[in-house]
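Next comes upload-v4.tsv, with TSV, C-alpha atoms.
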```
chain	number	residue	atom	x	y	z
N	1	MET	CA	0.00	0.00	0.00
N	2	LYS	CA	1.53	3.30	-1.11
N	3	HIS	CA	1.80	6.01	1.54
N	4	ILE	CA	0.94	9.62	0.68
N	5	LEU	CA	1.60	12.62	2.93
N	6	ILE	CA	-0.79	15.57	2.46
N	7	VAL	CA	0.55	18.92	3.70
N	8	ASP	CA	-2.24	21.52	3.66
N	9	ASP	CA	-3.58	23.81	6.38
N	10	ASP	CA	-7.11	23.70	4.94
N	11	MET	CA	-8.82	20.99	6.98
N	12	HIS	CA	-11.65	20.67	4.45
N	13	ILE	CA	-9.21	19.96	1.59
N	14	GLY	CA	-7.18	17.62	3.78
N	15	THR	CA	-10.24	15.58	4.79
N	16	MET	CA	-11.54	15.48	1.22
N	17	LEU	CA	-8.19	14.23	-0.09
N	18	GLU	CA	-7.84	11.72	2.73
N	19	GLU	CA	-11.21	10.20	1.84
N	20	LEU	CA	-10.48	10.28	-1.91
N	21	LEU	CA	-7.05	8.68	-1.66
N	22	GLY	CA	-8.21	6.20	0.96
N	23	SER	CA	-10.94	5.02	-1.41
N	24	GLU	CA	-8.24	4.49	-4.06
N	25	GLY	CA	-6.26	2.21	-1.76
N	26	TYR	CA	-3.61	4.66	-0.54
N	27	ARG	CA	-2.52	5.07	3.06
N	28	VAL	CA	-2.73	8.75	3.98
N	29	THR	CA	-1.09	10.95	6.62
N	30	LEU	CA	-2.11	14.59	7.14
N	31	ALA	CA	0.07	17.51	8.20
N	32	TYR	CA	-1.32	21.01	8.65
N	33	SER	CA	1.92	23.02	8.69
N	34	GLY	CA	5.40	22.91	7.23
N	35	THR	CA	6.90	22.27	10.65
N	36	GLU	CA	4.57	19.35	11.29
N	37	ALA	CA	5.42	17.91	7.87
N	38	LEU	CA	9.16	17.92	8.59
N	39	LEU	CA	8.53	16.33	11.99
N	40	LEU	CA	6.56	13.52	10.34
N	41	LEU	CA	9.27	13.07	7.71
N	42	SER	CA	11.85	12.55	10.44
N	43	ALA	CA	9.89	9.49	11.58
N	44	CYS	CA	8.54	8.03	8.33
N	45	ARG	CA	9.17	8.10	4.60
N	46	PRO	CA	6.05	8.37	2.42
N	47	ASP	CA	6.05	7.37	-1.23
N	48	LEU	CA	4.71	10.76	-2.37
N	49	ILE	CA	3.91	14.19	-0.91
N	50	LEU	CA	1.11	16.60	-1.84
N	51	LEU	CA	2.39	20.00	-0.71
N	52	ASP	CA	0.49	23.26	-0.39
N	53	LEU	CA	2.51	26.50	-0.49
N	54	MET	CA	0.62	28.81	1.86
N	55	LEU	CA	1.28	27.11	5.18
N	56	PRO	CA	1.58	28.41	8.75
N	57	GLY	CA	5.13	28.44	10.10
N	58	LEU	CA	7.38	27.13	7.35
N	59	SER	CA	5.93	27.73	3.89
N	60	GLY	CA	5.81	25.12	1.16
N	61	GLU	CA	8.66	26.90	-0.62
N	62	GLU	CA	10.79	26.48	2.53
N	63	VAL	CA	9.81	22.84	3.04
N	64	LEU	CA	10.42	21.70	-0.56
N	65	PRO	CA	14.26	21.85	-0.56
N	66	ARG	CA	14.35	19.84	2.67
N	67	ILE	CA	12.59	16.89	1.02
N	68	LYS	CA	15.03	14.47	-0.57
N	69	GLY	CA	14.26	11.46	-2.73
N	70	ILE	CA	10.45	11.68	-2.49
N	71	PRO	CA	8.29	12.95	-5.39
N	72	VAL	CA	6.44	16.15	-4.44
N	73	ILE	CA	3.33	17.44	-6.21
N	74	ILE	CA	2.70	21.10	-5.43
N	75	MET	CA	-0.95	22.06	-4.87
N	76	SER	CA	-1.44	25.81	-5.03
N	77	ALA	CA	-3.81	28.56	-6.11
N	78	LYS	CA	-0.83	30.36	-7.63
N	79	ALA	CA	-1.34	29.97	-11.37
N	80	GLU	CA	1.49	32.14	-12.73
N	81	VAL	CA	3.88	30.30	-15.04
N	82	GLU	CA	6.86	31.84	-13.24
N	83	ASP	CA	5.78	30.26	-9.93
N	84	LYS	CA	5.36	26.84	-11.52
N	85	VAL	CA	8.68	26.97	-13.35
N	86	SER	CA	10.54	28.11	-10.24
N	87	LEU	CA	9.20	25.30	-8.07
N	88	LEU	CA	9.75	22.64	-10.73
N	89	LEU	CA	13.35	23.76	-11.08
N	90	ARG	CA	13.76	23.66	-7.29
N	91	GLY	CA	12.79	20.00	-7.05
N	92	ALA	CA	9.02	19.62	-7.33
N	93	ALA	CA	7.99	16.66	-9.46
N	94	ASP	CA	4.72	18.23	-10.59
N	95	TYR	CA	2.42	21.20	-9.99
N	96	ILE	CA	-1.38	21.29	-9.97
N	97	THR	CA	-3.39	24.49	-9.62
N	98	LYS	CA	-6.25	24.81	-7.14
N	99	PRO	CA	-9.11	24.25	-7.61
N	100	PHE	CA	-8.28	20.99	-9.37
N	101	ASP	CA	-10.22	18.08	-10.80
N	102	THR	CA	-9.76	15.02	-8.58
N	103	LYS	CA	-9.42	12.73	-11.59
N	104	GLU	CA	-6.52	14.84	-12.84
N	105	LEU	CA	-4.86	14.75	-9.42
N	106	LEU	CA	-5.22	10.97	-9.21
N	107	ALA	CA	-3.67	10.63	-12.67
N	108	ARG	CA	-0.73	12.84	-11.71
N	109	ILE	CA	-0.20	10.79	-8.54
N	110	THR	CA	-0.23	7.55	-10.55
N	111	VAL	CA	2.37	8.93	-12.97
N	112	GLN	CA	4.73	10.09	-10.21
N	113	LEU	CA	4.50	6.80	-8.31
N	114	ARG	CA	5.14	4.92	-11.55
N	115	ASN	CA	8.17	7.09	-12.28
N	116	ALA	CA	9.50	6.54	-8.75
N	117	ALA	CA	9.04	2.78	-9.11
N	118	ALA	CA	10.95	2.84	-12.39
N	119	LYS	CA	13.87	4.58	-10.69
N	120	ASP	CA	13.83	1.98	-7.93
N	121	MET	CA	14.15	-0.71	-10.60
N	122	SER	CA	17.61	0.51	-11.61
N	123	PRO	CA	19.67	-2.70	-11.61
N	124	ASN	CA	22.63	-1.51	-9.54
N	125	LEU	CA	22.96	0.55	-6.37
N	126	VAL	CA	26.53	1.55	-5.59
N	127	PHE	CA	28.00	3.07	-2.44
N	128	ASP	CA	31.76	3.16	-1.96
N	129	ASP	CA	32.90	-0.40	-2.81
N	130	ILE	CA	29.49	-2.00	-2.16
N	131	THR	CA	27.19	-2.94	-5.04
N	132	VAL	CA	23.60	-4.11	-4.68
N	133	ASP	CA	22.18	-5.68	-7.84
N	134	THR	CA	18.42	-5.26	-7.55
N	135	ALA	CA	17.77	-7.46	-10.57
N	136	SER	CA	19.54	-10.53	-9.15
N	137	HIS	CA	19.08	-9.56	-5.46
N	138	THR	CA	22.78	-9.95	-4.78
N	139	VAL	CA	25.41	-7.97	-2.88
N	140	ALA	CA	29.08	-7.61	-3.71
N	141	VAL	CA	32.10	-5.84	-2.23
N	142	CYS	CA	34.80	-4.95	-4.78
N	143	GLY	CA	33.12	-7.41	-7.13
N	144	ARG	CA	33.23	-10.28	-4.63
N	145	PRO	CA	29.80	-11.72	-3.70
N	146	VAL	CA	28.55	-11.36	-0.11
N	147	ARG	CA	25.90	-13.82	1.00
N	148	MET	CA	23.04	-12.14	2.86
N	149	THR	CA	19.67	-13.24	4.14
N	150	ARG	CA	16.49	-11.88	2.56
N	151	THR	CA	16.01	-9.48	5.47
N	152	GLU	CA	19.63	-8.28	5.45
N	153	TYR	CA	19.44	-7.65	1.71
N	154	ALA	CA	16.17	-5.66	2.06
N	155	ILE	CA	17.64	-3.45	4.80
N	156	LEU	CA	20.89	-2.76	2.92
N	157	LYS	CA	18.99	-2.02	-0.30
N	158	LEU	CA	16.79	0.53	1.49
N	159	LEU	CA	19.79	2.27	3.06
N	160	MET	CA	21.60	2.44	-0.28
N	161	GLN	CA	18.52	3.79	-2.03
N	162	ASN	CA	18.62	6.70	0.43
N	163	PRO	CA	22.34	7.19	1.06
N	164	SER	CA	22.14	10.74	2.45
N	165	HIS	CA	18.95	10.18	4.41
N	166	VAL	CA	18.62	8.87	7.96
N	167	CYS	CA	16.26	5.89	7.79
N	168	THR	CA	14.37	5.68	11.06
N	169	LYS	CA	13.79	2.29	12.64
N	170	SER	CA	10.04	2.59	12.08
N	171	ALA	CA	10.55	3.58	8.43
N	172	ILE	CA	12.85	0.60	7.83
N	173	LEU	CA	10.34	-1.81	9.35
N	174	GLU	CA	7.48	-0.25	7.39
N	175	ARG	CA	9.26	-0.23	4.02
N	176	ILE	CA	10.53	-3.82	4.17
N	177	SER	CA	7.51	-5.36	5.94
N	178	GLU	CA	5.94	-6.74	2.74
N	179	ASP	CA	9.07	-8.67	1.77
N	180	THR	CA	10.43	-9.48	5.22
N	181	PRO	CA	7.64	-9.79	7.82
N	182	ASP	CA	10.04	-11.57	10.17
N	183	CYS	CA	11.95	-8.36	10.94
N	184	THR	CA	10.88	-6.67	14.17
N	185	GLU	CA	12.23	-3.71	16.10
N	186	SER	CA	13.90	-6.05	18.58
N	187	SER	CA	15.63	-8.04	15.81
N	188	LEU	CA	16.57	-5.02	13.65
N	189	LYS	CA	19.72	-4.35	15.69
N	190	VAL	CA	20.85	-7.94	15.21
N	191	HIS	CA	20.23	-7.80	11.45
N	192	MET	CA	22.17	-4.53	11.22
N	193	SER	CA	25.09	-6.02	13.15
N	194	ASN	CA	25.15	-9.02	10.80
N	195	ILE	CA	25.15	-6.76	7.72
N	196	ARG	CA	28.07	-4.72	9.08
N	197	LYS	CA	30.08	-7.83	9.94
N	198	LYS	CA	29.54	-9.42	6.54
N	199	LEU	CA	30.58	-6.25	4.71
N	200	LEU	CA	33.67	-5.84	6.91
N	201	ASP	CA	34.63	-9.49	6.47
N	202	ALA	CA	34.38	-8.99	2.69
N	203	GLY	CA	36.91	-6.13	2.86
N	204	SER	CA	34.68	-3.07	2.99
N	205	ARG	CA	34.98	-0.33	5.60
N	206	ASP	CA	32.21	0.29	8.14
N	207	CYS	CA	29.76	2.07	5.83
N	208	ILE	CA	26.68	2.07	8.05
N	209	GLU	CA	26.24	4.74	10.69
N	210	SER	CA	23.95	4.47	13.71
N	211	VAL	CA	22.11	7.70	14.49
N	212	TRP	CA	21.41	7.32	18.19
N	213	GLY	CA	17.74	7.10	19.06
N	214	ILE	CA	16.63	7.56	15.43
N	215	GLY	CA	17.90	4.95	12.99
N	216	PHE	CA	20.65	4.30	10.45
N	217	LYS	CA	22.25	5.80	7.34
N	218	MET	CA	25.11	5.15	4.98
N	219	LYS	CA	28.30	6.77	6.32
N	220	GLU	CA	30.36	9.01	4.09
N	221	ASP	CA	34.11	8.42	4.15
```
Structure re-expressed in structure tokens:
Amino acid sequence: MKHILIVDDDMHIGTMLEELLGSEGYRVTLAYSGTEALLLLSACRPDLILLDLMLPGLSGEEVLPRIKGIPVIIMSAKAEVEDKVSLLLRGAADYITKPFDTKELLARITVQLRNAAAKDMSPNLVFDDITVDTASHTVAVCGRPVRMTRTEYAILKLLMQNPSHVCTKSAILERISEDTPDCTESSLKVHMSNIRKKLLDAGSRDCIESVWGIGFKMKED
């Protein structure tokens, strides 16, 4: 089930979209300010974000550059071409003008999720001397294969798909739950320790960093 974060201070629009997207099979989270959106993003990683611009606290324009690796569709009453071009160049995946037709919005969401899935299907993920081949579900260090369990592979793949992003424990469990239902919060630490040991034994450096109390990320040299 794809997860969509709606960031809009208009409760009527938020509720309407929550009901619409829920009926289409999406899981929905609502945020009513830019600050609340960033707080939610520190704890979870949605598949797509619908972002209004006129928000209390941090505006949509201020929130957008802080979102990395997640497609963002801007929803705004601003219809000027200059506004649209500026936001698209600053990282937005798409822009829809309010008021919008719900069928058009659903189509734009489908396109962005499809594009994101296509990017995820890239055969190789590379970080330092580690390569994850997503086509064959294999891991190698300096070209030498490293045997990993299904759960270990899923965790490493997620971290390498988001190399500059801290993946929270809850986000890791949520994102890999469909493929690896055996992974729990209590066993996550053990899985992470096994991944590190296997990579080190294969000749890699310690490339995974623990962010105390939050989660894990790939560690720059």
Rows by chain and residue number, range 51-85 of chain N within 9 Å of range 107-131 of chain N, shortest pair, all atoms listed in the file, as a tab-separated table:
```
residue	atom	partner	partner_atom	distance
N:Ile70	CA	N:Ala116	CA	8.2
N:Pro71	CA	N:Gln112	CA	6.6
N:Val72	CA	N:Gln112	CA	8.5
N:Ile73	CA	N:Ile109	CA	7.9
```
Store the residues picked out above in a file with C-alpha atoms, as an mmCIF file, in the frame of the given file.
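Listed below is the output, selection-v4.cif:
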```
data_model
loop_
_atom_site.group_PDB
_atom_site.id
_atom_site.type_symbol
_atom_site.label_atom_id
_atom_site.label_comp_id
_atom_site.auth_asym_id
_atom_site.auth_seq_id
_atom_site.Cartn_x
_atom_site.Cartn_y
_atom_site.Cartn_z
ATOM 1 C CA ILE N 70 10.450 11.680 -2.490
ATOM 2 C CA PRO N 71 8.290 12.950 -5.390
ATOM 3 C CA VAL N 72 6.440 16.150 -4.440
ATOM 4 C CA ILE N 73 3.330 17.440 -6.210
#
```
Using Å and a single decimal, report how far CA of Glu61 in chain N sits from CA of His12 in chain N.
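Interatomic distance here is 21.8 Å.
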What does the structure give for the distance between CA of Glu209 in chain N and CA of Leu48 in chain N, in Å to one decimal?
25.9 Å
Which residues come within 9 Å of range 75-85 of chain N, counting all atoms listed in the file, excluding same-chain residues fewer than 3 positions away, as a ChimeraX atom specification?
/N:8,50-54,88-90,94-100
Pick out the closest residue to Lys103 in chain N from this set: N:Cys183, N:Leu17, N:Leu173, N:Met1. Count all atoms listed in the file.
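Distance minimum relative to Lys103 in chain N lands on N:Leu17.
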Computed interatomic separation between CA of Arg196 in chain N and CA of Leu158 in chain N (Å):
14.6 Å
Which polymer residues, whether protein, DNA or RNA, lie within 12 Å of the coordinate (36.0, -11.8, 4.6) when you count all atoms listed in the file? List them as a list in words, using the chain letters and numbers from the file.
Ala140, Val141, Cys142, Arg144, Pro145, Val146, Arg147, Arg196, Lys197, Lys198, Leu199, Leu200, Asp201, Ala202, Gly203, Ser204 and Arg205 of chain N
Contact residues around Leu40 in chain N with all atoms listed in the file at 10 Å, ignoring same-chain residues under 4 positions, as an MDAnalysis selection string
chainID N and resid 5 29:31 34:36 44:46
Counting all atoms listed in the file, closest pick from N:Gly14, N:Gly215, N:Gly91, N:Gly69 relative to Ser164 in chain N is N:Gly69
